[in-house]
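Asker: Attaching a single structure in structure tokens format; questions to follow.
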Amino acid sequence: MRKSKEQCLQSAENILSLIQSETLSEEQKEQVVEDSVYNFENYVNKAILKHRKAASTDFSFVEWEDEGAVFRDTKGKEFIDCLGGYGVYLLGHRHPKVVKAVESQLKRYALHSQELVDPLRGYLSKLVAEMTPGDLRYSYFVNCGTEANEMALKLARLHTGKKWFISTVGGFHGKTMGSLSATGKADFRKPYVPLIQQFQHVEYGDADAVEKAIRHLQAVGETVAGVIVEPVQGEGGVNIPPSDYFPRLREICDQYDCLLIVDEVQTGMGRTGKLFGVDHYDVVPDIMTLAKAFGGGVMPIGAMVAREHLWEKMEENPFLLGSSTFGGNPLCCAGAIAGIKTILEENIPEQAAEKGEYILNKLKDIQARFPEIMTDVRGIGLLIGMQFADNDLGFELAKKLFDDHILVGGTLNNARVIRIEPPAVISYEQIDTVLYAIEKHISAMAKSYIHA
């Protein structure tokens, strides 16, 4: 029921007093917890509460502050973050260099007027062109990954005049209508079918299947605008393609005159041990999409960057592709620019490669000793997947780790493969704490499994 102006003002004042408090009293901490649970149940989505790993204990864990590779709840309980916002926190939580840049821009102006030329969008576009592979040049900035992929699909159709896209089974490109049409997971798609038509899904890692799909479509008079694919399937289970997969996709797209769209939303900015996932294969896509870690772990920003000749149709109407109100705003651009600088000067891709190899080797040893529980381990850089015999075993480990104040991927209905995606700034001491806990719980689960 709608409240009066005075009641709304009082609510806003109460909330801001909590936000602006340097420290909370014990009474305030309890109030935040109580309010948070009530608000989610009544105004957000109460199902979210039931699907959290914390549901195995209670609802009292409310995130309140963070830094580096950890975050804390209102009571000061510290968690090691090996989920990393599904790839957002590559630089950790609130990296001081990124925060400083955003604060500096905030003191000047926050959003752009939409009419004058905004310099930070230009500066960031130039920087992206300088750091991305090959002749990728023009950028379009949005708020998140699914928007970036929407723009990529639109640009491909706009430039080529063609209709169909080839995507992959298990691929994940977002949950807005165009991106969801490209996504290859039935659980996300079923409630919304029929989706946007002219998407055909083939087996990931099979370049011959891509070529066959294109040939068959052309044989019946259809046209193919592009192939959209991830360098590593993240949501799909940390699936790594054969080494010749991307070189073959590049050849196929060139042969059949369609565009290669590479979704680097989760793999980009150093997560896989190189600045971009496609760098492992020395391939230049026609269009690349970025998000998650692109904002330095502080600001929400996504990007579509493409080769120059793809933008010809926009010369007469630059807003034909889109006109995002907040895309490329100064605050987010400041965060992205500082994030890029920090990633380069702190050698984040190298850190991800070294720490990822350390974690992967330790996990492979655990898997070899308990194959009845953990059936496989795979990964590249700090994008690592632990595969379990079934979903229940995976979620059981995720819950036990949560009880040890360690957060990993794996939800109630999606835990057969648990992702480990910690910040690259995670310390080896923190890594060893996580690995010890994983080994401890899997060993106990194996004993229970044998006695069952």
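Chains: A, B, ... in order of the structure tokens. Residues: from 1 per chain. Ligands: from 1, in order shown.
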Write out as a list in words the residues lying within 10 Å of region 20-34 of chain A, counting only C-alpha atoms and excluding same-chain residues fewer than 4 positions away.
Answerer: Ile15, Leu16, Tyr38, Asn39, Phe59, Ser60, Phe61, Val62, Glu63, Trp64, Asp73, Thr74, Lys75 and Gly76 of chain A
Asker: Could I get the residues of region 123-208 of chain A with an atom no further than 6 Å from an atom of region 214-236 of chain A, each paired with its nearest atom pair and that distance in Å to one decimal, using only C-alpha atoms, sorted by chain and residue number, as a Markdown table?
Answerer:
| residue | atom | partner | partner_atom | distance |
| --- | --- | --- | --- | --- |
| A:Ala156 | CA | A:Ala225 | CA | 5.8 |
| A:Arg157 | CA | A:Ala225 | CA | 5.7 |
| A:Thr160 | CA | A:Ala225 | CA | 6.0 |
| A:Lys162 | CA | A:Ala225 | CA | 4.7 |
| A:Lys163 | CA | A:Ala225 | CA | 5.5 |
| A:Trp164 | CA | A:Val224 | CA | 4.3 |
| A:Phe165 | CA | A:Gly226 | CA | 5.1 |
| A:Ile166 | CA | A:Val227 | CA | 4.7 |
| A:Ser167 | CA | A:Ile228 | CA | 5.3 |
| A:Gly170 | CA | A:Gly236 | CA | 4.6 |
| A:Gly171 | CA | A:Gly236 | CA | 5.8 |
Asker: Would you write out those residues with N, CA and C atoms, as a compact mmCIF listing (two decimals), in the first residue's frame?
Answerer:
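As written to disk, again.txt reads:
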# COMPACT_ATOMS: atom_id res chain seq x y z
N ALA A 156 25.67 -7.48 -35.71
CA ALA A 156 25.92 -8.51 -36.71
C ALA A 156 24.81 -8.55 -37.76
N ARG A 157 23.57 -8.47 -37.32
CA ARG A 157 22.46 -8.45 -38.28
C ARG A 157 22.46 -7.16 -39.10
N THR A 160 25.56 -7.32 -41.65
CA THR A 160 25.53 -8.36 -42.69
C THR A 160 24.22 -8.40 -43.46
N LYS A 162 22.05 -10.39 -42.67
CA LYS A 162 21.69 -11.81 -42.57
C LYS A 162 20.95 -12.07 -41.26
N LYS A 163 20.40 -13.28 -41.08
CA LYS A 163 19.45 -13.52 -40.00
C LYS A 163 19.88 -14.52 -38.94
N TRP A 164 20.47 -15.63 -39.33
CA TRP A 164 20.69 -16.73 -38.39
C TRP A 164 21.98 -16.55 -37.59
N PHE A 165 21.99 -17.17 -36.38
CA PHE A 165 23.19 -17.24 -35.56
C PHE A 165 23.42 -18.70 -35.16
N ILE A 166 24.69 -19.07 -35.09
CA ILE A 166 25.07 -20.37 -34.56
C ILE A 166 25.62 -20.15 -33.15
N SER A 167 25.05 -20.86 -32.19
CA SER A 167 25.50 -20.78 -30.81
C SER A 167 25.80 -22.19 -30.33
N GLY A 170 24.93 -25.45 -23.91
CA GLY A 170 25.64 -25.15 -22.67
C GLY A 170 26.20 -23.75 -22.61
N GLY A 171 26.15 -23.03 -23.72
CA GLY A 171 26.66 -21.67 -23.73
C GLY A 171 25.77 -20.73 -22.91
Asker: Might you pull out every residue within 12 Å of Ile261 (chain A), with only C-alpha atoms counted and same-chain residues fewer than 6 positions away left off, and present them as a PyMOL selection string?
Answerer: chain A and resi 136+148-157+165-167+173+182+225-231+246+249-250+253+278+283-290+304-307
Asker: When you count only C-alpha atoms, which of these residues is closest to Gln387 (chain A): A:Asn317, A:Asn239, A:Ser323, A:Gln351?
Answerer: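 Checking each of A:Asn317, A:Asn239, A:Ser323, A:Gln351 against Gln387 (chain A), counting only C-alpha atoms, the winner is A:Asn239.
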Asker: According to DSSP computed on the backbone, where in region 59-252 of chain A is there strand (DSSP E or B)? Give the residues as a ChimeraX atom specification.
Answerer: /A:63-68,70-73,78-81,93,136-142,164-168,199-202,224-229,233,239
Asker: Could you turn the residues from that selection into a file that holds N, CA and C atoms, as an mmCIF file, in the first residue's frame?
Answerer:
data_model
loop_
_atom_site.group_PDB
_atom_site.id
_atom_site.type_symbol
_atom_site.label_atom_id
_atom_site.label_comp_id
_atom_site.auth_asym_id
_atom_site.auth_seq_id
_atom_site.Cartn_x
_atom_site.Cartn_y
_atom_site.Cartn_z
ATOM 1 N N GLU A 63 25.543 -9.393 3.960
ATOM 2 C CA GLU A 63 26.805 -8.797 3.507
ATOM 3 C C GLU A 63 26.823 -7.300 3.804
ATOM 4 N N TRP A 64 27.960 -6.828 4.347
ATOM 5 C CA TRP A 64 27.989 -5.433 4.767
ATOM 6 C C TRP A 64 29.247 -4.680 4.353
ATOM 7 N N GLU A 65 30.398 -5.346 4.294
ATOM 8 C CA GLU A 65 31.617 -4.652 3.896
ATOM 9 C C GLU A 65 32.598 -5.638 3.260
ATOM 10 N N ASP A 66 33.561 -5.096 2.512
ATOM 11 C CA ASP A 66 34.498 -5.982 1.822
ATOM 12 C C ASP A 66 35.796 -5.279 1.484
ATOM 13 N N GLU A 67 36.799 -6.091 1.163
ATOM 14 C CA GLU A 67 38.076 -5.611 0.644
ATOM 15 C C GLU A 67 38.896 -6.820 0.206
ATOM 16 N N GLY A 68 39.773 -6.621 -0.768
ATOM 17 C CA GLY A 68 40.636 -7.706 -1.218
ATOM 18 C C GLY A 68 39.856 -8.934 -1.629
ATOM 19 N N VAL A 70 38.108 -10.830 0.477
ATOM 20 C CA VAL A 70 37.161 -11.180 1.538
ATOM 21 C C VAL A 70 35.991 -10.197 1.577
ATOM 22 N N PHE A 71 34.886 -10.669 2.171
ATOM 23 C CA PHE A 71 33.797 -9.773 2.551
ATOM 24 C C PHE A 71 33.323 -10.177 3.941
ATOM 25 N N ARG A 72 32.602 -9.285 4.591
ATOM 26 C CA ARG A 72 32.149 -9.527 5.962
ATOM 27 C C ARG A 72 30.658 -9.261 6.074
ATOM 28 N N ASP A 73 30.054 -9.956 7.043
ATOM 29 C CA ASP A 73 28.646 -9.699 7.314
ATOM 30 C C ASP A 73 28.526 -8.606 8.369
ATOM 31 N N GLU A 78 34.062 -12.974 8.632
ATOM 32 C CA GLU A 78 34.800 -12.785 7.384
ATOM 33 C C GLU A 78 34.738 -14.035 6.518
ATOM 34 N N PHE A 79 34.471 -13.847 5.239
ATOM 35 C CA PHE A 79 34.383 -14.932 4.267
ATOM 36 C C PHE A 79 35.468 -14.756 3.205
ATOM 37 N N ILE A 80 36.117 -15.865 2.835
ATOM 38 C CA ILE A 80 37.010 -15.846 1.680
ATOM 39 C C ILE A 80 36.156 -16.017 0.431
ATOM 40 N N ASP A 81 36.303 -15.103 -0.504
ATOM 41 C CA ASP A 81 35.437 -15.089 -1.675
ATOM 42 C C ASP A 81 36.079 -15.839 -2.837
ATOM 43 N N HIS A 93 37.775 -6.954 -4.004
ATOM 44 C CA HIS A 93 36.699 -6.059 -3.607
ATOM 45 C C HIS A 93 37.261 -4.667 -3.303
ATOM 46 N N LEU A 136 40.300 -4.690 -33.665
ATOM 47 C CA LEU A 136 39.103 -4.270 -32.935
ATOM 48 C C LEU A 136 39.275 -2.804 -32.562
ATOM 49 N N ARG A 137 38.227 -1.997 -32.781
ATOM 50 C CA ARG A 137 38.458 -0.559 -32.649
ATOM 51 C C ARG A 137 37.335 0.205 -31.968
ATOM 52 N N TYR A 138 36.107 0.113 -32.477
ATOM 53 C CA TYR A 138 35.020 0.949 -31.973
ATOM 54 C C TYR A 138 34.270 0.248 -30.839
ATOM 55 N N SER A 139 33.983 0.997 -29.791
ATOM 56 C CA SER A 139 33.311 0.428 -28.625
ATOM 57 C C SER A 139 31.932 1.033 -28.419
ATOM 58 N N TYR A 140 31.042 0.211 -27.880
ATOM 59 C CA TYR A 140 29.723 0.675 -27.442
ATOM 60 C C TYR A 140 29.572 0.191 -26.008
ATOM 61 N N PHE A 141 29.355 1.131 -25.066
ATOM 62 C CA PHE A 141 29.323 0.789 -23.650
ATOM 63 C C PHE A 141 27.891 0.685 -23.130
ATOM 64 N N VAL A 142 27.695 -0.338 -22.302
ATOM 65 C CA VAL A 142 26.384 -0.606 -21.704
ATOM 66 C C VAL A 142 26.594 -0.870 -20.215
ATOM 67 N N TRP A 164 20.467 -15.631 -39.328
ATOM 68 C CA TRP A 164 20.689 -16.734 -38.386
ATOM 69 C C TRP A 164 21.980 -16.555 -37.591
ATOM 70 N N PHE A 165 21.993 -17.165 -36.384
ATOM 71 C CA PHE A 165 23.195 -17.244 -35.557
ATOM 72 C C PHE A 165 23.425 -18.700 -35.163
ATOM 73 N N ILE A 166 24.694 -19.069 -35.090
ATOM 74 C CA ILE A 166 25.073 -20.373 -34.561
ATOM 75 C C ILE A 166 25.622 -20.148 -33.148
ATOM 76 N N SER A 167 25.049 -20.856 -32.193
ATOM 77 C CA SER A 167 25.500 -20.776 -30.806
ATOM 78 C C SER A 167 25.803 -22.195 -30.332
ATOM 79 N N THR A 168 26.036 -22.363 -29.031
ATOM 80 C CA THR A 168 26.454 -23.680 -28.545
ATOM 81 C C THR A 168 25.567 -24.187 -27.414
ATOM 82 N N PHE A 199 18.139 -18.978 -34.253
ATOM 83 C CA PHE A 199 19.317 -19.387 -33.482
ATOM 84 C C PHE A 199 19.403 -20.907 -33.530
ATOM 85 N N GLN A 200 20.543 -21.415 -33.935
ATOM 86 C CA GLN A 200 20.754 -22.866 -33.952
ATOM 87 C C GLN A 200 21.930 -23.203 -33.031
ATOM 88 N N HIS A 201 21.723 -24.177 -32.125
ATOM 89 C CA HIS A 201 22.735 -24.548 -31.148
ATOM 90 C C HIS A 201 23.413 -25.851 -31.549
ATOM 91 N N VAL A 202 24.742 -25.856 -31.471
ATOM 92 C CA VAL A 202 25.522 -27.047 -31.787
ATOM 93 C C VAL A 202 26.447 -27.356 -30.616
ATOM 94 N N VAL A 224 23.339 -16.676 -42.603
ATOM 95 C CA VAL A 224 23.927 -16.719 -41.261
ATOM 96 C C VAL A 224 24.715 -15.443 -41.000
ATOM 97 N N ALA A 225 24.301 -14.709 -39.963
ATOM 98 C CA ALA A 225 24.959 -13.443 -39.606
ATOM 99 C C ALA A 225 26.221 -13.665 -38.798
ATOM 100 N N GLY A 226 26.202 -14.674 -37.908
ATOM 101 C CA GLY A 226 27.380 -14.839 -37.074
ATOM 102 C C GLY A 226 27.359 -16.083 -36.215
ATOM 103 N N VAL A 227 28.519 -16.337 -35.615
ATOM 104 C CA VAL A 227 28.710 -17.414 -34.650
ATOM 105 C C VAL A 227 29.073 -16.761 -33.332
ATOM 106 N N ILE A 228 28.323 -17.054 -32.248
ATOM 107 C CA ILE A 228 28.601 -16.474 -30.936
ATOM 108 C C ILE A 228 29.035 -17.580 -29.989
ATOM 109 N N VAL A 229 30.176 -17.374 -29.311
ATOM 110 C CA VAL A 229 30.771 -18.453 -28.520
ATOM 111 C C VAL A 229 31.662 -17.870 -27.427
ATOM 112 N N GLN A 233 33.446 -22.100 -21.616
ATOM 113 C CA GLN A 233 32.084 -22.047 -21.088
ATOM 114 C C GLN A 233 32.141 -21.994 -19.562
ATOM 115 N N ASN A 239 33.936 -25.567 -19.379
ATOM 116 C CA ASN A 239 34.278 -26.438 -20.498
ATOM 117 C C ASN A 239 35.302 -25.734 -21.383
#
Asker: Considering only C-alpha atoms, state which residue in the set A:Lys175, A:Lys212, A:Lys447, A:Lys3 is at the smallest distance from Leu195 (chain A).
Answerer: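 Of the candidates, the smallest distance to Leu195 (chain A) is held by A:Lys175.
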Asker: Residues at most 12 Å from Glu354 (chain A), counting only C-alpha atoms, excluding those fewer than 6 positions away in the same chain, as JSON, numbers by chain?
Answerer: {"A": [270, 271, 272, 273, 274, 347, 348, 360, 361, 380, 381, 382, 424, 425, 426, 427, 428]}
Asker: Keeping only N, CA and C atoms, write those residues as a PDB file, in the first residue's frame.
Answerer:
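For reference, again_36.pdb as written:
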ATOM      1  N   GLY A 270      41.837 -10.891 -17.999  1.00  0.00           N
ATOM      2  CA  GLY A 270      42.910 -11.608 -17.318  1.00  0.00           C
ATOM      3  C   GLY A 270      42.499 -12.839 -16.555  1.00  0.00           C
ATOM      4  N   ARG A 271      41.233 -13.152 -16.487  1.00  0.00           N
ATOM      5  CA  ARG A 271      40.722 -14.268 -15.682  1.00  0.00           C
ATOM      6  C   ARG A 271      41.373 -15.607 -16.051  1.00  0.00           C
ATOM      7  N   THR A 272      41.637 -15.836 -17.341  1.00  0.00           N
ATOM      8  CA  THR A 272      42.123 -17.145 -17.781  1.00  0.00           C
ATOM      9  C   THR A 272      43.648 -17.263 -17.810  1.00  0.00           C
ATOM     10  N   GLY A 273      44.338 -16.218 -17.374  1.00  0.00           N
ATOM     11  CA  GLY A 273      45.796 -16.255 -17.410  1.00  0.00           C
ATOM     12  C   GLY A 273      46.384 -15.490 -18.570  1.00  0.00           C
ATOM     13  N   LYS A 274      45.535 -15.032 -19.467  1.00  0.00           N
ATOM     14  CA  LYS A 274      45.903 -14.081 -20.510  1.00  0.00           C
ATOM     15  C   LYS A 274      44.878 -12.967 -20.490  1.00  0.00           C
ATOM     16  N   ASN A 347      50.151  -7.012 -13.208  1.00  0.00           N
ATOM     17  CA  ASN A 347      50.323  -8.312 -13.892  1.00  0.00           C
ATOM     18  C   ASN A 347      49.251  -9.318 -13.477  1.00  0.00           C
ATOM     19  N   ILE A 348      48.010  -8.889 -13.519  1.00  0.00           N
ATOM     20  CA  ILE A 348      46.900  -9.738 -13.073  1.00  0.00           C
ATOM     21  C   ILE A 348      46.784 -11.020 -13.901  1.00  0.00           C
ATOM     22  N   LEU A 360      44.722 -25.747  -9.302  1.00  0.00           N
ATOM     23  CA  LEU A 360      44.314 -26.866 -10.150  1.00  0.00           C
ATOM     24  C   LEU A 360      45.111 -28.132  -9.816  1.00  0.00           C
ATOM     25  N   ASN A 361      46.419 -27.989  -9.610  1.00  0.00           N
ATOM     26  CA  ASN A 361      47.242 -29.157  -9.278  1.00  0.00           C
ATOM     27  C   ASN A 361      46.822 -29.773  -7.947  1.00  0.00           C
ATOM     28  N   ILE A 380      41.284 -23.149 -16.315  1.00  0.00           N
ATOM     29  CA  ILE A 380      42.320 -22.370 -16.983  1.00  0.00           C
ATOM     30  C   ILE A 380      42.408 -21.041 -16.244  1.00  0.00           C
ATOM     31  N   GLY A 381      43.609 -20.695 -15.775  1.00  0.00           N
ATOM     32  CA  GLY A 381      43.743 -19.512 -14.937  1.00  0.00           C
ATOM     33  C   GLY A 381      42.913 -19.673 -13.682  1.00  0.00           C
ATOM     34  N   LEU A 382      42.221 -18.610 -13.309  1.00  0.00           N
ATOM     35  CA  LEU A 382      41.373 -18.646 -12.122  1.00  0.00           C
ATOM     36  C   LEU A 382      39.903 -18.838 -12.476  1.00  0.00           C
ATOM     37  N   ALA A 424      42.218 -12.407  -8.342  1.00  0.00           N
ATOM     38  CA  ALA A 424      43.631 -12.698  -8.586  1.00  0.00           C
ATOM     39  C   ALA A 424      44.507 -12.197  -7.447  1.00  0.00           C
ATOM     40  N   VAL A 425      43.983 -11.316  -6.620  1.00  0.00           N
ATOM     41  CA  VAL A 425      44.757 -10.789  -5.494  1.00  0.00           C
ATOM     42  C   VAL A 425      44.677 -11.697  -4.274  1.00  0.00           C
ATOM     43  N   ILE A 426      43.985 -12.826  -4.367  1.00  0.00           N
ATOM     44  CA  ILE A 426      43.906 -13.750  -3.243  1.00  0.00           C
ATOM     45  C   ILE A 426      45.316 -14.205  -2.863  1.00  0.00           C
ATOM     46  N   SER A 427      45.581 -14.320  -1.572  1.00  0.00           N
ATOM     47  CA  SER A 427      46.910 -14.724  -1.111  1.00  0.00           C
ATOM     48  C   SER A 427      47.027 -16.251  -1.130  1.00  0.00           C
ATOM     49  N   TYR A 428      48.268 -16.740  -1.147  1.00  0.00           N
ATOM     50  CA  TYR A 428      48.479 -18.188  -1.093  1.00  0.00           C
ATOM     51  C   TYR A 428      48.040 -18.753   0.253  1.00  0.00           C
TER      52      TYR A 428
END
Asker: For Ala334 (chain A), find every residue with an atom within 8 Å (counting only C-alpha atoms), except residues of its own chain fewer than 4 positions away, and show them as a PyMOL selection string.
Answerer: chain A and resi 98+101-102+105+120+330+338
Asker: How would you write, as a PyMOL selection string, the set of residues in region 146-350 of chain A that DSSP gives as helix (DSSP H, G or I)?
Answerer: chain A and resi 146-160+177-182+186-192+207-219+245-255+268-270+277-280+292-295+308-314+330-345+348-350
Asker: Quick one: residues within 10 Å of Glu103 (chain A), only C-alpha atoms counted, chain neighbours fewer than 4 positions away excluded, as a list of chain:residue names?
Answerer: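 Counting only the stated atoms, we get A:Val98, A:Val99, A:Lys107, A:Arg108, A:Ala110, A:Leu331, A:Ala334, A:Gly335.
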Asker: How would the residues just chosen look if you wrote them out with C-alpha atoms as a PDB file, in the first residue's frame?
Answerer:
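Writing done, so here's part_19.pdb:
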ATOM      1  CA  VAL A  98      39.781   1.892  -8.743  1.00  0.00           C
ATOM      2  CA  VAL A  99      37.889   3.423  -5.832  1.00  0.00           C
ATOM      3  CA  LYS A 107      33.776  15.086  -7.250  1.00  0.00           C
ATOM      4  CA  ARG A 108      33.703  16.489 -10.787  1.00  0.00           C
ATOM      5  CA  ALA A 110      28.713  11.768 -12.196  1.00  0.00           C
ATOM      6  CA  LEU A 331      31.739   7.127 -13.162  1.00  0.00           C
ATOM      7  CA  ALA A 334      36.592   6.037 -14.617  1.00  0.00           C
ATOM      8  CA  GLY A 335      36.317   2.673 -12.865  1.00  0.00           C
TER       9      GLY A 335
END
Asker: What does the distance between CA of Phe319 (chain A) and CA of Tyr123 (chain A) come to in Å, to one decimal place?
Answerer: 20.0 Å
Asker: As number ranges by chain, please: the residues near Tyr245 (chain A) (cut-off 8 Å, only C-alpha atoms, same-chain neighbours under 3 positions excluded).
Answerer: A: 205-207, 241-242, 248-249
Asker: Which residue, A:Val44, A:Leu363, A:Ile418, A:Ile384, has the smallest gap to Ala437 (chain A) when you use only C-alpha atoms?
Answerer: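 The answer is A:Leu363, which sits nearest to Ala437 (chain A).
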Asker: Pick from A:Tyr436, A:Leu275, A:Gly409, A:Glu251: nearest to Glu350 (chain A), with only C-alpha atoms counted?
Answerer: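 The answer is A:Leu275, which sits nearest to Glu350 (chain A).
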Asker: In Å, rounded to a single decimal, give me how far CA of Phe326 (chain A) is from CA of Ser113 (chain A).
Answerer: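 Distance between the two atoms: 10.3 Å.
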Asker: Distance CA of Glu211 (chain A)-CA of Asp254 (chain A), one decimal place?
Answerer: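 One can read the CA of Glu211 (chain A) to CA of Asp254 (chain A) distance as 11.2 Å.
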Asker: Which of these, A:Cys82, A:Met1, A:Ala129, A:Leu18, has the shortest distance to Ile406 (chain A) once you count only C-alpha atoms?
Answerer: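 Closest to Ile406 (chain A), using only C-alpha atoms: A:Cys82.
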